[in-house]
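To start, the structure under review is shown below, and the notes come after it.
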Amino acid sequence: MSSSEKYDCIVIGAGMSGLASGIRLAMYDKKVLILERHTISGGLNSYYARGKRKFDVGLHALTNFVGPKDKGKPFNKLMKQLRIPYDDFKLSPQNYSLISFPDKKLKFTNDINCLVQEINELFPDQVDGFINLLNHVKNFDEVNLNNETVMAKTVVRHFISNESLVEMIFCPLLIYGSAWENDMDFSQFVIMFKSIFLEGFSRPEGGVRTIINLLHQKLESLGASIRYKACVSKILTENNKIIGVEINDNEIIYCDKILSSMGLPETFDVVNDSDFFKKYPKPNIGKLTFCESILITDKKPKELGIDATIIFYNNRPEYLYQSPTTLFDRESGVLCFPNNFNYQNNNTYNDDYSEGVLRVTNIANFELWNQLKMGPNKEQYLEAKEQVFLNAKKILSASGLNQDYQILFKDIFTPTTIKRYTSHYGGVVYGSSDKSRNGKTPIDGLFICGTDQGFLGIVGSMLSGISMANLHVLQGDS
Amino acid sequence: MLTNTEVRSKVLDIIADIALDDDVTGISDEIALREQLDLDSMDFLDIVMELKKRHKIEVPQEDYPRLATMQSCVDYLAPKFNQ
Ligand SMILES: Cc1cc2nc3c(=O)[nH]c(=O)nc-3n(C[C@H](O)[C@H](O)[C@H](O)COP(=O)(O)OP(=O)(O)OC[C@H]3O[C@@H](n4cnc5c(N)ncnc54)[C@H](O)[C@@H]3O)c2cc1C
């Protein structure tokens, strides 16, 4: 079967990057179609419901928080490119977050001076170095697609000599945005540093759904469409040039260009050129994936003694950001409290959860989970999920959560859950450790956007979709 | 024939749609748009694409600097609007 319609561009995936690129293309009258294998949008940043309760999968916090008048900042660039007014995101800023190590805690807010002061108190001989690092970061052009790859810890150690402080600074930046174990490229470090420490965290009222609804409304108003349950089974080329895609193994759709957000190895694997990997190296499959426990409680965390928004918990002197040799890393995790954004300050937006919501994310090992999932004994998989949950409760209490609460509902997702819903090999959240920074591939007309272009997270992946659509389809056009 | 005032208002319409959260009513004609509004190179590209989409006017890349101020926009675009 093949349809007679031909598209200027097909976007693979209705995640954050795919939706954003679709909006840009439709805005400038490209005939665009978004193909999504799942039944809803969102990808890694999606949502689900259990009974009357609504859950977010991605989105602990939106990074890159700025006010509407902060010129030239990524979040406002994004809004402008999508023509979505700032207020529509209904953002509430964080209260504060903690980087919690065995003998020290560093607090940070959306005002960098808080972190500078904390470092001045806990590491007085390092504060000048930190301020110099800040200036270096502020002046660095992290989005220049031609930047050389240098490892960030090497650069940061020029400014900071205390290893504990290096580990503490890297902890949130790694777990919120590194596809590499224990370190990252310096450009990526700067992206993460700016988006977390210099700009900061916020949450849209209504969570993930608010973001997705805004993107859907925009797409609809521009007349672009998403086709669900449309799994790209082949990328079709002729003489190394894109001619279309095959979906669900039986239908062909023709197009001139493709923007793929599936991931780099995932994309290359469906190219219909059997010699592809004889000519080009196979991209690595990333190693970093997570499991998460979501606890719904009768009391909100504030009543139980925690008013922090996010706690980056680590119970070792160094921070091990690497695939664990066990199912999951028990000694570190991210604790997210969506009830604890600063809702009072701007009376406009509310905490839309009527109950307490406690989320604990641990680094996990995909292979081990997959063995359990595929194994003959289903009980073992369920038992392992129970262990994740018990450990989450332990970390919550070690972080100061008073035990006087009832759990009304709990849900645990694992790396195999992530793989099932996003199709990323290895259930990876930050993609392959190989990126296509400029979005180009060896195939004429095939471009990468989203996670494996290299801009991560919700804001990053949307910016990636926008810039790849601009660069390769809209500009490449005149 | 479009007058310069009409050309100015058409350009302003485009800028208002792009700089969504900015107030464009008080724009000074002589000062660089970049300095008055939150516009970067991505946005200038959008101005060019909007001119093409709405008014079928092509601005070649070497002419982008002529869109720097409102006055230079009007000077440069008026003949194109009236072609
Ligand atoms: C637990 C968790 C917490 C997170 N927390 C945060 C956070 O607090 N802040 C933040 O900024 N980011 C967070 N993230 C990361 C963020 O969600 C992602 O970086 C971002 O959503 C990636 O978007 P993307 O468009 O690049 O990729 P994806 O979301 O992976 O989109 C790819 C899409 O392609 C579809 N697809 C794949 N294969 C095919 C095919 N063959 N045919 C058709 N469609 C296909 C997939 O179904 C998917 O919808 C979190 C992620 C997780 C999992």
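Residue numbering restarts at 1 for every chain of the structure tokens, chains are lettered A, B, ... in their displayed order, and ligands are numbered from 1 as they appear.
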
As a PDB file with C-alpha atoms, in the first residue's frame, please: the residues near segment 49-64 of chain B (cut-off 8 Å, only C-alpha atoms, same-chain neighbours under 2 positions excluded).
ATOM      1  CA  TYR A  28       6.131  28.070   7.220  1.00  0.00           C
TER       2      TYR A  28
ATOM      3  CA  ILE B  14       5.155  40.750  11.724  1.00  0.00           C
ATOM      4  CA  PHE B  44      15.407  37.905  12.029  1.00  0.00           C
ATOM      5  CA  LEU B  45      15.194  34.752   9.976  1.00  0.00           C
ATOM      6  CA  ASP B  46      11.532  34.549  10.981  1.00  0.00           C
ATOM      7  CA  ILE B  47      10.973  38.134   9.837  1.00  0.00           C
ATOM      8  CA  ARG B  66      19.057  46.245   5.929  1.00  0.00           C
ATOM      9  CA  LEU B  67      16.429  45.033   8.370  1.00  0.00           C
ATOM     10  CA  ALA B  68      18.352  46.426  11.336  1.00  0.00           C
ATOM     11  CA  LYS B  80       9.591  45.700  -2.859  1.00  0.00           C
ATOM     12  CA  PHE B  81       6.036  46.079  -1.539  1.00  0.00           C
TER      13      PHE B  81
END

Practice item. Please identify the residues whose atoms come within 6 Å of ligand 1, using only C-alpha atoms and all ligand atoms, and report them as JSON, numbers by chain. Key: {"A": [12, 13, 14, 15, 16, 17, 18, 35, 36, 37, 38, 41, 42, 43, 44, 45, 57, 58, 59, 60, 61, 62, 63, 230, 231, 232, 233, 261, 262, 422, 423, 429, 450, 451, 456, 457, 458, 459, 461]}

Check your understanding: Between atom CA of Leu288 of chain A and atom CA of Phe366 of chain A, what is the distance, to one decimal in Å?
Key -> 8.3 Å

Counting only C-alpha atoms, which residues of chain A sit at most 8 Å from some atom of chain B, and what is each one's closest atom pair with its distance in Å to one decimal, listed by chain and rising residue number, as JSON lines?
{"residue": "A:Tyr28", "atom": "CA", "partner": "B:Lys53", "partner_atom": "CA", "distance": 7.1}
{"residue": "A:Pro68", "atom": "CA", "partner": "B:Asp21", "partner_atom": "CA", "distance": 7.1}
{"residue": "A:Lys69", "atom": "CA", "partner": "B:Asp21", "partner_atom": "CA", "distance": 7.9}
{"residue": "A:Lys71", "atom": "CA", "partner": "B:Asp38", "partner_atom": "CA", "distance": 5.2}
{"residue": "A:Gly72", "atom": "CA", "partner": "B:Asp38", "partner_atom": "CA", "distance": 6.3}
{"residue": "A:Lys80", "atom": "CA", "partner": "B:Ile18", "partner_atom": "CA", "distance": 6.1}
{"residue": "A:Gln81", "atom": "CA", "partner": "B:Ile18", "partner_atom": "CA", "distance": 7.4}
{"residue": "A:Arg83", "atom": "CA", "partner": "B:Leu20", "partner_atom": "CA", "distance": 6.6}
{"residue": "A:Ile84", "atom": "CA", "partner": "B:Leu20", "partner_atom": "CA", "distance": 7.7}
{"residue": "A:Pro85", "atom": "CA", "partner": "B:Leu20", "partner_atom": "CA", "distance": 6.3}
{"residue": "A:Tyr86", "atom": "CA", "partner": "B:Asp21", "partner_atom": "CA", "distance": 7.1}

May I have the residues from that selection written out with N, CA, C and O atoms, as a CSV table (one decimal), in the first residue's frame?
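After the write, again.csv holds the following:
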chain,number,residue,atom,x,y,z
A,28,TYR,N,5.7,27.5,8.5
A,28,TYR,CA,6.1,28.1,7.2
A,28,TYR,C,5.7,27.2,6.0
A,28,TYR,O,6.4,27.0,5.1
A,68,PRO,N,9.5,36.4,32.1
A,68,PRO,CA,9.1,36.7,30.7
A,68,PRO,C,10.0,37.7,30.0
A,68,PRO,O,10.1,37.8,28.8
A,69,LYS,N,10.7,38.5,30.8
A,69,LYS,CA,11.4,39.7,30.2
A,69,LYS,C,12.9,39.4,30.1
A,69,LYS,O,13.7,40.2,29.8
A,71,LYS,N,15.7,38.6,28.3
A,71,LYS,CA,16.0,38.5,26.9
A,71,LYS,C,17.0,37.4,26.5
A,71,LYS,O,18.0,37.2,27.2
A,72,GLY,N,16.8,36.8,25.4
A,72,GLY,CA,17.8,35.9,24.8
A,72,GLY,C,18.0,34.6,25.6
A,72,GLY,O,18.9,33.9,25.2
A,80,LYS,N,9.1,32.0,21.8
A,80,LYS,CA,9.0,32.9,20.6
A,80,LYS,C,9.0,32.2,19.3
A,80,LYS,O,8.2,32.4,18.4
A,81,GLN,N,9.9,31.2,19.2
A,81,GLN,CA,9.9,30.4,18.0
A,81,GLN,C,8.6,29.6,17.8
A,81,GLN,O,8.2,29.4,16.7
A,83,ARG,N,5.7,30.7,19.0
A,83,ARG,CA,4.6,31.7,19.1
A,83,ARG,C,3.6,31.2,20.2
A,83,ARG,O,2.4,31.3,20.0
A,84,ILE,N,4.2,30.8,21.3
A,84,ILE,CA,3.3,30.5,22.5
A,84,ILE,C,3.7,31.5,23.6
A,84,ILE,O,4.8,31.6,23.9
A,85,PRO,N,2.7,32.2,24.1
A,85,PRO,CA,2.9,33.3,25.1
A,85,PRO,C,3.5,32.6,26.4
A,85,PRO,O,3.0,31.5,26.8
A,86,TYR,N,4.4,33.3,27.0
A,86,TYR,CA,5.0,32.8,28.2
A,86,TYR,C,4.0,32.4,29.3
A,86,TYR,O,4.1,31.3,29.9

**Study point:** Filtered DSSP result for segment 146-210 of chain A, state alpha helix (DSSP H), as a ChimeraX atom specification
**Key:** /A:152-157,163-175,186-193,208-210

Exercise for review: May I ask which of the residues A:Val271, A:Met79, A:Val166, A:Cys255 is the closest one to Leu215 of chain A, counting only C-alpha atoms?
Suggested key: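 Selected residue with least distance to Leu215 of chain A: A:Met79.
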
Practice item. Please measure the separation of atom CA of Ile418 of chain A and atom CA of Asp183 of chain A, giving the value in Å to one decimal. Key: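 Going from atom CA of Ile418 of chain A over to atom CA of Asp183 of chain A, I get 23.3 Å.
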
Exercise for review: Enter the distance from atom CA of Leu335 of chain A to atom CA of Thr297 of chain A, in Å, rounded to one decimal.
Suggested key: 14.7 Å

May I have the residues within 12 Å of Ile31 of chain B as a tab-separated table (two decimals) with N, CA, C and O atoms, in the first residue's frame, using only C-alpha atoms and disregarding those fewer than 3 positions away in the same chain?
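The file below, result_24.tsv, is the result:
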chain	number	residue	atom	x	y	z
B	26	GLY	N	5.90	51.27	21.18
B	26	GLY	CA	6.78	52.42	21.30
B	26	GLY	C	8.10	52.32	20.55
B	26	GLY	O	9.06	53.01	20.89
B	27	ILE	N	8.16	51.45	19.56
B	27	ILE	CA	9.44	51.24	18.86
B	27	ILE	C	9.94	52.52	18.20
B	27	ILE	O	9.19	53.20	17.50
B	28	SER	N	11.21	52.82	18.45
B	28	SER	CA	11.80	53.98	17.79
B	28	SER	C	12.37	53.55	16.45
B	28	SER	O	12.97	52.50	16.31
B	34	ARG	N	17.04	45.08	17.42
B	34	ARG	CA	17.70	44.17	18.35
B	34	ARG	C	17.88	44.76	19.75
B	34	ARG	O	17.85	44.05	20.74
B	35	GLU	N	18.13	46.10	19.77
B	35	GLU	CA	18.38	46.72	21.08
B	35	GLU	C	17.08	47.03	21.80
B	35	GLU	O	17.06	47.22	23.01
B	36	GLN	N	15.99	47.11	21.07
B	36	GLN	CA	14.73	47.49	21.71
B	36	GLN	C	13.88	46.29	22.08
B	36	GLN	O	13.07	46.34	22.99
B	37	LEU	N	14.09	45.23	21.31
B	37	LEU	CA	13.23	44.07	21.52
B	37	LEU	C	14.10	42.84	21.72
B	37	LEU	O	15.29	42.85	21.44
B	67	LEU	N	17.61	45.11	7.50
B	67	LEU	CA	16.43	45.03	8.37
B	67	LEU	C	16.74	45.47	9.80
B	67	LEU	O	15.96	45.25	10.72
B	68	ALA	N	17.89	46.13	9.97
B	68	ALA	CA	18.35	46.43	11.34
B	68	ALA	C	17.43	47.37	12.11
B	68	ALA	O	17.10	47.09	13.26
B	69	THR	N	17.03	48.47	11.51
B	69	THR	CA	16.12	49.39	12.23
B	69	THR	C	14.79	49.45	11.48
B	69	THR	O	14.70	49.03	10.32
B	70	MET	N	13.80	50.00	12.14
B	70	MET	CA	12.50	50.13	11.50
B	70	MET	C	12.62	51.01	10.25
B	70	MET	O	12.07	50.72	9.19
B	71	GLN	N	13.42	52.11	10.38
B	71	GLN	CA	13.58	53.01	9.24
B	71	GLN	C	14.24	52.30	8.05
B	71	GLN	O	13.77	52.39	6.92
B	72	SER	N	15.31	51.52	8.35
B	72	SER	CA	15.99	50.84	7.24
B	72	SER	C	15.09	49.77	6.64
B	72	SER	O	15.13	49.52	5.44
B	73	CYS	N	14.24	49.14	7.46
B	73	CYS	CA	13.26	48.17	6.94
B	73	CYS	C	12.34	48.86	5.93
B	73	CYS	O	12.12	48.34	4.83

Exercise for review: May I have all residues of segment 313-456 of chain A that DSSP, computed from the backbone, assigns to strand (DSSP E), given as a ChimeraX atom specification?
Suggested key: /A:313-314,332-336,356-364,407-413,446-448

**Study point:** Within 12 Å of Leu134 of chain A using only C-alpha atoms, minus same-chain residues under 6 positions, as number ranges by chain
**Key:** A: 112-113, 115-116, 127-128, 140, 156, 159-160, 169, 189-190, 193-194, 197-198

Exercise for review: Might you pull out every residue within 9 Å of Val74 of chain B, with only C-alpha atoms counted and same-chain residues fewer than 4 positions away left off, and present them as a PyMOL selection string?
Suggested key: chain B and resi 4-5+7-8+11+67+69-70+78-79

Could you write those residues out with N, CA and C atoms, as a short mmCIF file (atom, residue, chain, number, x, y, z; two decimals), in the first residue's frame?
data_model
loop_
_atom_site.label_atom_id
_atom_site.label_comp_id
_atom_site.auth_asym_id
_atom_site.auth_seq_id
_atom_site.Cartn_x
_atom_site.Cartn_y
_atom_site.Cartn_z
N ASN B 4 4.76 54.76 3.07
CA ASN B 4 5.76 54.31 4.05
C ASN B 4 5.10 53.92 5.37
N THR B 5 4.08 54.66 5.75
CA THR B 5 3.38 54.36 7.00
C THR B 5 2.73 52.98 6.93
N VAL B 7 3.68 50.49 4.98
CA VAL B 7 4.76 49.49 5.00
C VAL B 7 5.22 49.27 6.43
N ARG B 8 5.41 50.39 7.14
CA ARG B 8 5.84 50.29 8.54
C ARG B 8 4.86 49.44 9.34
N VAL B 11 5.27 45.73 8.62
CA VAL B 11 6.46 45.18 9.27
C VAL B 11 6.20 45.02 10.77
N LEU B 67 17.61 45.11 7.50
CA LEU B 67 16.43 45.03 8.37
C LEU B 67 16.74 45.47 9.80
N THR B 69 17.03 48.47 11.51
CA THR B 69 16.12 49.39 12.23
C THR B 69 14.79 49.45 11.48
N MET B 70 13.80 50.00 12.14
CA MET B 70 12.50 50.13 11.50
C MET B 70 12.62 51.01 10.25
N ALA B 78 9.89 49.17 1.11
CA ALA B 78 8.84 49.91 0.40
C ALA B 78 8.87 49.65 -1.12
N PRO B 79 10.03 49.75 -1.77
CA PRO B 79 10.04 49.45 -3.21
C PRO B 79 9.61 48.02 -3.51
#

I want to know what sits within 7 Å of segment 395-404 of chain A, based on only C-alpha atoms, with residues of the same chain fewer than 3 positions away left out; could you give that as a tab-separated table (two decimals) with all heavy atoms, in the first residue's frame?
chain	number	residue	atom	x	y	z
A	304	LEU	N	5.12	16.69	56.24
A	304	LEU	CA	5.97	15.61	56.72
A	304	LEU	C	7.42	16.07	56.86
A	304	LEU	O	8.34	15.28	57.00
A	304	LEU	CB	5.90	14.42	55.76
A	304	LEU	CG	4.50	13.80	55.59
A	304	LEU	CD1	4.46	12.84	54.41
A	304	LEU	CD2	4.07	13.09	56.88
A	305	GLY	N	7.61	17.39	56.80
A	305	GLY	CA	8.93	17.93	57.14
A	305	GLY	C	9.84	18.24	55.98
A	305	GLY	O	11.00	18.62	56.19
A	306	ILE	N	9.38	18.09	54.74
A	306	ILE	CA	10.26	18.44	53.61
A	306	ILE	C	9.62	19.52	52.76
A	306	ILE	O	8.51	19.35	52.25
A	306	ILE	CB	10.56	17.20	52.73
A	306	ILE	CG1	11.44	16.21	53.52
A	306	ILE	CG2	11.25	17.60	51.43
A	306	ILE	CD1	11.98	15.06	52.71
A	391	ASN	N	13.36	0.73	48.96
A	391	ASN	CA	14.55	1.57	49.01
A	391	ASN	C	14.18	3.05	48.89
A	391	ASN	O	14.78	3.91	49.55
A	391	ASN	CB	15.49	1.15	47.88
A	391	ASN	CG	16.80	1.90	47.94
A	391	ASN	OD1	17.60	1.69	48.84
A	391	ASN	ND2	17.02	2.80	47.00
A	392	ALA	N	13.16	3.34	48.08
A	392	ALA	CA	12.72	4.74	47.93
A	392	ALA	C	12.25	5.27	49.29
A	392	ALA	O	12.57	6.39	49.68
A	392	ALA	CB	11.60	4.83	46.89

Within 8 Å of Ala152 of chain A using only C-alpha atoms, minus same-chain residues under 2 positions, as a PDB file with N, CA, C and O atoms, in the first residue's frame:
ATOM      1  N   VAL A 150      35.657  18.367  24.795  1.00  0.00           N
ATOM      2  CA  VAL A 150      36.608  18.284  25.921  1.00  0.00           C
ATOM      3  C   VAL A 150      35.827  17.828  27.143  1.00  0.00           C
ATOM      4  O   VAL A 150      34.683  18.235  27.325  1.00  0.00           O
ATOM      5  N   THR A 154      37.785  17.826  33.612  1.00  0.00           N
ATOM      6  CA  THR A 154      39.132  18.368  33.415  1.00  0.00           C
ATOM      7  C   THR A 154      39.088  19.899  33.455  1.00  0.00           C
ATOM      8  O   THR A 154      39.920  20.539  34.100  1.00  0.00           O
ATOM      9  N   VAL A 155      38.118  20.475  32.787  1.00  0.00           N
ATOM     10  CA  VAL A 155      38.012  21.939  32.765  1.00  0.00           C
ATOM     11  C   VAL A 155      37.669  22.466  34.154  1.00  0.00           C
ATOM     12  O   VAL A 155      38.303  23.413  34.655  1.00  0.00           O
ATOM     13  N   VAL A 156      36.690  21.841  34.806  1.00  0.00           N
ATOM     14  CA  VAL A 156      36.214  22.345  36.095  1.00  0.00           C
ATOM     15  C   VAL A 156      37.323  22.266  37.153  1.00  0.00           C
ATOM     16  O   VAL A 156      37.448  23.148  38.016  1.00  0.00           O
ATOM     17  N   ASP A 183      31.012  11.729  33.552  1.00  0.00           N
ATOM     18  CA  ASP A 183      31.525  13.008  33.071  1.00  0.00           C
ATOM     19  C   ASP A 183      30.714  13.386  31.840  1.00  0.00           C
ATOM     20  O   ASP A 183      29.843  12.617  31.418  1.00  0.00           O
ATOM     21  N   MET A 184      30.961  14.519  31.283  1.00  0.00           N
ATOM     22  CA  MET A 184      30.265  14.896  30.047  1.00  0.00           C
ATOM     23  C   MET A 184      31.117  15.882  29.276  1.00  0.00           C
ATOM     24  O   MET A 184      32.080  16.432  29.794  1.00  0.00           O
ATOM     25  N   ASP A 185      30.734  16.078  28.057  1.00  0.00           N
ATOM     26  CA  ASP A 185      31.396  17.062  27.220  1.00  0.00           C
ATOM     27  C   ASP A 185      31.210  18.452  27.840  1.00  0.00           C
ATOM     28  O   ASP A 185      30.155  18.751  28.402  1.00  0.00           O
ATOM     29  N   PHE A 186      32.222  19.314  27.754  1.00  0.00           N
ATOM     30  CA  PHE A 186      32.123  20.608  28.426  1.00  0.00           C
ATOM     31  C   PHE A 186      30.963  21.462  27.891  1.00  0.00           C
ATOM     32  O   PHE A 186      30.309  22.171  28.660  1.00  0.00           O
ATOM     33  N   SER A 187      30.682  21.401  26.595  1.00  0.00           N
ATOM     34  CA  SER A 187      29.540  22.171  26.068  1.00  0.00           C
ATOM     35  C   SER A 187      28.244  21.732  26.740  1.00  0.00           C
ATOM     36  O   SER A 187      27.394  22.546  27.104  1.00  0.00           O
ATOM     37  N   PHE A 189      28.043  20.338  29.662  1.00  0.00           N
ATOM     38  CA  PHE A 189      28.136  20.807  31.041  1.00  0.00           C
ATOM     39  C   PHE A 189      27.618  22.237  31.142  1.00  0.00           C
ATOM     40  O   PHE A 189      26.846  22.582  32.041  1.00  0.00           O
TER      41      PHE A 189
END
